[in-house]
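Asks: Please find one structure pasted underneath; my questions will follow.
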Amino acid sequence: AENTRQQIRLNAEQKLEMKRYEVLCHERLSSIMLLKSIKCSLKYDGIMQTLFNHWSSSFDKLDCSSLVKCLREAPGVFCEKNKSKRLSIGVTDIDLIFVKISKGLKFVSFRQFLEILENISAAIFGHVKECRGYSGKDGRWMELMFNHIFLTKSGKFFGNILQKRTSSLLKKSAQKIQNLYRCHHLFQSAVQKLKEKKRLSIKRNISCHSSKESNNEEEKNLVPTDEWFTLHCAKCHTILARCDNSYCGIALCM
């Protein structure tokens, strides 16, 4: 009976951990898909391309009024929506950025549209150090899109599109992610077993020698053993990091 309860408890913990791992995969993959759409051209069927085509008047042309409509409802971006004391922008600021990027033209292209958003995110979210595991420019992109634009009435539509595409991609690659999850725990258990085995062998060797000279020799031999163990653990952790991030390649292979 006790073994049965322990098995049920272990199964429940494994299900919860697997659920957390699935949420992590979904969040990381959606971020990767967003960054890939930013780096690709307008011909790529990404979420940023879909957002641009929705607000643009014609192919690869977006005017300033449409840009203002796209950003007006975003919380924390416009002055009237920003209730905190943090930086925000107004219509005049967007007009100035638009004129600067478009060089006096009435329309901007997709790449110029991304450049405008990048300038806006740098001006408002320069204090953001990390968002969704990304820092720097990518972290500001995560903050602007997921925590502001995708929270608007029109932005929720595009956020749902990104979530559906991410879920569809995860379902297609469920077996690969499950294998990576198993490899993750296999490597973790292997590192722990190797660590315990090495420590026990070192203690036994030290206890076998009673004289100081033998202890000194053993301490000398401990140095390369510990160095080897540290290097082996570093390799294992590198493999672990690859297992955690290799599903990111799924989005890049689309």
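Residue numbers start at 1 in each chain; chains themselves are named A, B, ... in the order of the structure tokens; ligands are numbered from 1 in the order shown.
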So that I can check the surroundings of Arg72 (chain A), please list as a count of residues only every protein, DNA and RNA residue that reaches within 12 Å of it, counting only C-alpha atoms and ignoring chain neighbours fewer than 4 positions away.
Replies: 24
Asks: Can you check which residues of region 3-158 of chain A DSSP gives as strand (DSSP E) on the backbone and send them as a ChimeraX atom specification?
Replies: /A:62-63,107-108,130-131,134-135
Asks: Go ahead and save the picked residues with N, CA and C atoms, as a tab-separated table (two decimals), in the first residue's frame.
Replies:
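Result file is again.tsv:
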```tsv
chain	number	residue	atom	x	y	z
A	62	LEU	N	2.20	51.65	-45.11
A	62	LEU	CA	1.48	51.95	-43.88
A	62	LEU	C	1.61	53.44	-43.59
A	63	ASP	N	0.46	54.11	-43.39
A	63	ASP	CA	0.51	55.54	-43.10
A	63	ASP	C	0.57	55.78	-41.60
A	107	PHE	N	4.12	57.17	-46.44
A	107	PHE	CA	3.99	55.75	-46.11
A	107	PHE	C	5.36	55.19	-45.72
A	108	VAL	N	5.30	54.12	-44.95
A	108	VAL	CA	6.53	53.40	-44.58
A	108	VAL	C	6.37	51.94	-45.01
A	130	GLU	N	14.96	42.31	-18.69
A	130	GLU	CA	14.69	40.97	-19.20
A	130	GLU	C	13.19	40.76	-19.32
A	131	CYS	N	12.78	40.06	-20.35
A	131	CYS	CA	11.37	39.72	-20.55
A	131	CYS	C	11.29	38.40	-21.31
A	134	TYR	N	14.58	36.95	-22.48
A	134	TYR	CA	15.39	37.71	-23.43
A	134	TYR	C	15.78	39.04	-22.80
A	135	SER	N	16.93	39.55	-23.19
A	135	SER	CA	17.41	40.83	-22.70
A	135	SER	C	17.81	41.71	-23.88
```
Asks: Just the residues within 6 Å of region 21-35 of chain A, please, counting only C-alpha atoms, with nothing from its chain fewer than 3 positions along; format it as a PyMOL selection string.
Replies: chain A and resi 18+38+166
Asks: Just want the 12 Å neighbourhood of Val128 (chain A), counted on only C-alpha atoms, with same-chain residues fewer than 6 positions away dropped. Output as a list in words.
Replies: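 Here the qualifying residues turn out to be Arg86, Leu87, Ser121, Ala122, Tyr134, Ser135, Gly136, Lys137, Asp138, Gly139, Arg140, Trp141, Met142, Glu143, Leu144 and Asn147 of chain A.
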Asks: Go ahead and compute the interatomic distance for CA of Gly126 (chain A) and CA of Val99 (chain A), in Å to one decimal.
Replies: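 If I compute the distance from CA of Gly126 (chain A) to CA of Val99 (chain A), I get 22.0 Å.
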Asks: Between CA of Phe158 (chain A) and CA of Leu51 (chain A), what is the distance in Å, rounded to a tenth?
Replies: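 These atoms are spaced 6.8 Å apart.
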Asks: Interatomic distance between CA of Ile47 (chain A) and CA of Asp93 (chain A)?
Replies: 25.5 Å
